[in-house]
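Down below is the structure, laid out as C-alpha cells.
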Amino acid sequence: MIPPIREDVEGIYNRIRVVAPMASKVSEKKIDDDLDYSLNDLLLRGRVSAQAIEKELPSGDKVVEFRLIVSRLERGGVDTLDIAAWSSKMRRSALTLKEGEWIEISGSIHRRFWSGPTGVASRWQVEAAEIARI
C-alpha cells in the first residue's frame with residue numbers, strides 16, 4: 001500500500017559528518033544544506049460516500065472523482081475528502097466502487113486550480129495511487 005521508505009536512518013546519518021569533537025560534546029554539520037526532506041504520502045481508510053463520477057476536462061484529460069468518509073476518532077464526527085483517480089488503472093478501479101464500501105487509499109494531496117465563472121478557484125484533492133477494498 002504505502003511505498004517503502006527509500007532511505008533508511010543509516011543513509012540519513014551518512015550525510016552528517018563529525019566536524020569537531022569537543023570534550024564530551026560532538027558538533028555536527030550537514031554536508032548538504034539543500035536537501036529536501038518533504039514527504040507527501042498518505043494512507044486513508046474510510047467508506048465511499050457515493051458512486052464515482054468520470055469527468056473529461058477541457059484539456060482532454062480524464063479523471064474519476066469520488067468522496068471518502070473518514071471518521072474523526074479523537075473529536076467525533078467525520079471528514080468527507082475529495083479523491084481523484086487520474087491513471088487509467090485507478091480510474092477503472094474507482095468506477096467499480098459502491099456506496100458505503102470500505103476502502104483503503106494510498107496517495108498524495110494536491111491543490112487543484114482552475115478558471116471558473118468568478119475567477120480562479122481551487123480545492124484540495126487526494127490523488128489516489130492505490131485503491132484497495134478492505
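Letters A, B, ... go to the chains of the C-alpha cells in the order shown; residues in each chain start at 1; ligands are counted from 1 in the same order.
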
Give me, as a tab-separated table, the closest atom pair and its distance (Å, one decimal) for every residue of region 24-74 of chain A within a cut-off of 6 Å of region 100-109 of chain A, counting only C-alpha atoms, rows sorted by chain and rising number.
```
residue	atom	partner	partner_atom	distance
A:Asn40	CA	A:Ser108	CA	5.3
A:Asp41	CA	A:Ser108	CA	4.9
A:Leu42	CA	A:Gly107	CA	5.5
A:Leu43	CA	A:Ser106	CA	4.5
A:Leu44	CA	A:Ile105	CA	5.1
A:Arg45	CA	A:Glu104	CA	4.4
A:Gly46	CA	A:Trp102	CA	5.5
A:Arg47	CA	A:Trp102	CA	4.5
A:Val48	CA	A:Gly100	CA	5.1
```

Could you please take those selected residues and save N, CA and C atoms as a PDB file, in the first residue's frame?
```
ATOM      1  N   ASN A  40       5.011  13.845   0.802  1.00  0.00           N
ATOM      2  CA  ASN A  40       3.580  13.976   0.535  1.00  0.00           C
ATOM      3  C   ASN A  40       3.066  12.571   0.261  1.00  0.00           C
ATOM      4  N   ASP A  41       2.793  11.842   1.313  1.00  0.00           N
ATOM      5  CA  ASP A  41       2.422  10.441   1.226  1.00  0.00           C
ATOM      6  C   ASP A  41       1.363  10.186   2.287  1.00  0.00           C
ATOM      7  N   LEU A  42       0.226   9.669   1.890  1.00  0.00           N
ATOM      8  CA  LEU A  42      -0.809   9.445   2.893  1.00  0.00           C
ATOM      9  C   LEU A  42      -1.481   8.108   2.712  1.00  0.00           C
ATOM     10  N   LEU A  43      -2.131   7.678   3.778  1.00  0.00           N
ATOM     11  CA  LEU A  43      -2.895   6.438   3.795  1.00  0.00           C
ATOM     12  C   LEU A  43      -4.224   6.756   4.456  1.00  0.00           C
ATOM     13  N   LEU A  44      -5.316   6.471   3.757  1.00  0.00           N
ATOM     14  CA  LEU A  44      -6.648   6.731   4.283  1.00  0.00           C
ATOM     15  C   LEU A  44      -7.474   5.462   4.244  1.00  0.00           C
ATOM     16  N   ARG A  45      -8.328   5.300   5.250  1.00  0.00           N
ATOM     17  CA  ARG A  45      -9.318   4.229   5.247  1.00  0.00           C
ATOM     18  C   ARG A  45     -10.658   4.863   5.555  1.00  0.00           C
ATOM     19  N   GLY A  46     -11.651   4.476   4.781  1.00  0.00           N
ATOM     20  CA  GLY A  46     -12.976   5.033   5.010  1.00  0.00           C
ATOM     21  C   GLY A  46     -14.000   4.393   4.114  1.00  0.00           C
ATOM     22  N   ARG A  47     -15.205   5.002   4.118  1.00  0.00           N
ATOM     23  CA  ARG A  47     -16.315   4.499   3.319  1.00  0.00           C
ATOM     24  C   ARG A  47     -16.539   5.407   2.121  1.00  0.00           C
ATOM     25  N   VAL A  48     -16.884   4.814   0.999  1.00  0.00           N
ATOM     26  CA  VAL A  48     -17.205   5.568  -0.209  1.00  0.00           C
ATOM     27  C   VAL A  48     -18.567   6.227   0.011  1.00  0.00           C
TER      28      VAL A  48
END
```

Which parts of region 43-114 of chain A does DSSP call alpha helix (DSSP H) when run on the backbone here, written out as a VMD selection string? chain A and resid 88 to 95

Could you please write out, as a CSV table (one decimal) with C-alpha atoms, in the first residue's frame, every residue of region 40-116 of chain A that DSSP assigns to strand (DSSP E)?
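As a result, result-v3.csv now contains:
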```csv
chain,number,residue,atom,x,y,z
A,42,LEU,CA,-0.8,9.4,2.9
A,43,LEU,CA,-2.9,6.4,3.8
A,44,LEU,CA,-6.6,6.7,4.3
A,45,ARG,CA,-9.3,4.2,5.2
A,46,GLY,CA,-13.0,5.0,5.0
A,47,ARG,CA,-16.3,4.5,3.3
A,48,VAL,CA,-17.2,5.6,-0.2
A,53,ILE,CA,-18.1,10.1,-11.5
A,54,GLU,CA,-15.9,10.2,-14.6
A,55,LYS,CA,-15.1,13.6,-16.0
A,56,GLU,CA,-13.3,14.8,-19.1
A,62,LYS,CA,-9.9,12.1,-17.8
A,63,VAL,CA,-10.3,11.8,-14.1
A,64,VAL,CA,-12.6,9.8,-11.9
A,65,GLU,CA,-13.7,11.6,-8.7
A,66,PHE,CA,-15.5,10.4,-5.5
A,67,ARG,CA,-15.6,11.2,-1.9
A,68,LEU,CA,-14.3,9.2,1.1
A,69,ILE,CA,-15.9,9.4,4.5
A,70,VAL,CA,-13.3,9.2,7.3
A,71,SER,CA,-14.2,9.1,11.0
A,78,VAL,CA,-16.4,12.7,10.1
A,79,ASP,CA,-14.4,14.3,7.3
A,80,THR,CA,-15.5,13.9,3.7
A,81,LEU,CA,-12.5,14.0,1.4
A,82,ASP,CA,-12.3,14.5,-2.3
A,83,ILE,CA,-10.5,11.7,-4.1
A,84,ALA,CA,-9.2,11.8,-7.7
A,85,ALA,CA,-8.1,8.8,-9.8
A,102,TRP,CA,-14.9,0.3,3.0
A,103,ILE,CA,-11.6,1.0,1.1
A,104,GLU,CA,-8.0,2.0,1.7
A,105,ILE,CA,-6.3,4.6,-0.4
A,106,SER,CA,-2.7,5.5,-0.6
A,107,GLY,CA,-1.6,8.6,-2.5
A,108,SER,CA,-0.8,12.2,-2.0
A,109,ILE,CA,-2.6,15.5,-1.5
A,110,HIS,CA,-2.6,18.3,-4.1
A,111,ARG,CA,-4.2,21.7,-4.5
A,112,ARG,CA,-6.0,21.9,-7.9
A,113,PHE,CA,-6.6,25.3,-9.6
A,114,TRP,CA,-9.0,26.1,-12.5
A,115,SER,CA,-10.7,29.1,-14.0
A,116,GLY,CA,-14.3,29.4,-13.1
```

Nearest to Ser88 (chain A), restricted to only C-alpha atoms and choosing among A:Gly76, A:Ser122, A:Glu130, A:Leu39, comes out as A:Glu130

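One distance worth recording is that between CA of Arg92 (chain A) and CA of Pro58 (chain A), which is 20.5 Å.
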
Using only C-alpha atoms, determine which residues lie at most 6 Å from Glu99 (chain A), disregarding the query and same-chain residues fewer than 4 positions distant; provide the list as an mmCIF file with N, CA and C atoms, in the first residue's frame.
```cif
data_model
loop_
_atom_site.group_PDB
_atom_site.id
_atom_site.type_symbol
_atom_site.label_atom_id
_atom_site.label_comp_id
_atom_site.auth_asym_id
_atom_site.auth_seq_id
_atom_site.Cartn_x
_atom_site.Cartn_y
_atom_site.Cartn_z
ATOM 1 N N VAL A 48 -16.884 4.814 0.999
ATOM 2 C CA VAL A 48 -17.205 5.568 -0.209
ATOM 3 C C VAL A 48 -18.567 6.227 0.011
ATOM 4 N N SER A 49 -18.669 7.541 -0.264
ATOM 5 C CA SER A 49 -19.925 8.248 0.012
ATOM 6 C C SER A 49 -20.968 8.057 -1.082
ATOM 7 N N ALA A 50 -20.536 7.888 -2.324
ATOM 8 C CA ALA A 50 -21.471 7.721 -3.447
ATOM 9 C C ALA A 50 -20.693 7.161 -4.638
ATOM 10 N N GLN A 51 -21.418 6.785 -5.672
ATOM 11 C CA GLN A 51 -20.797 6.260 -6.893
ATOM 12 C C GLN A 51 -19.810 7.281 -7.459
#
```

Would you list the contacts of Met90 (chain A) as a ChimeraX atom specification, taking every protein, DNA or RNA residue within 8 Å and counting only C-alpha atoms, but skipping same-chain residues closer than 6 positions in sequence? /A:128-131
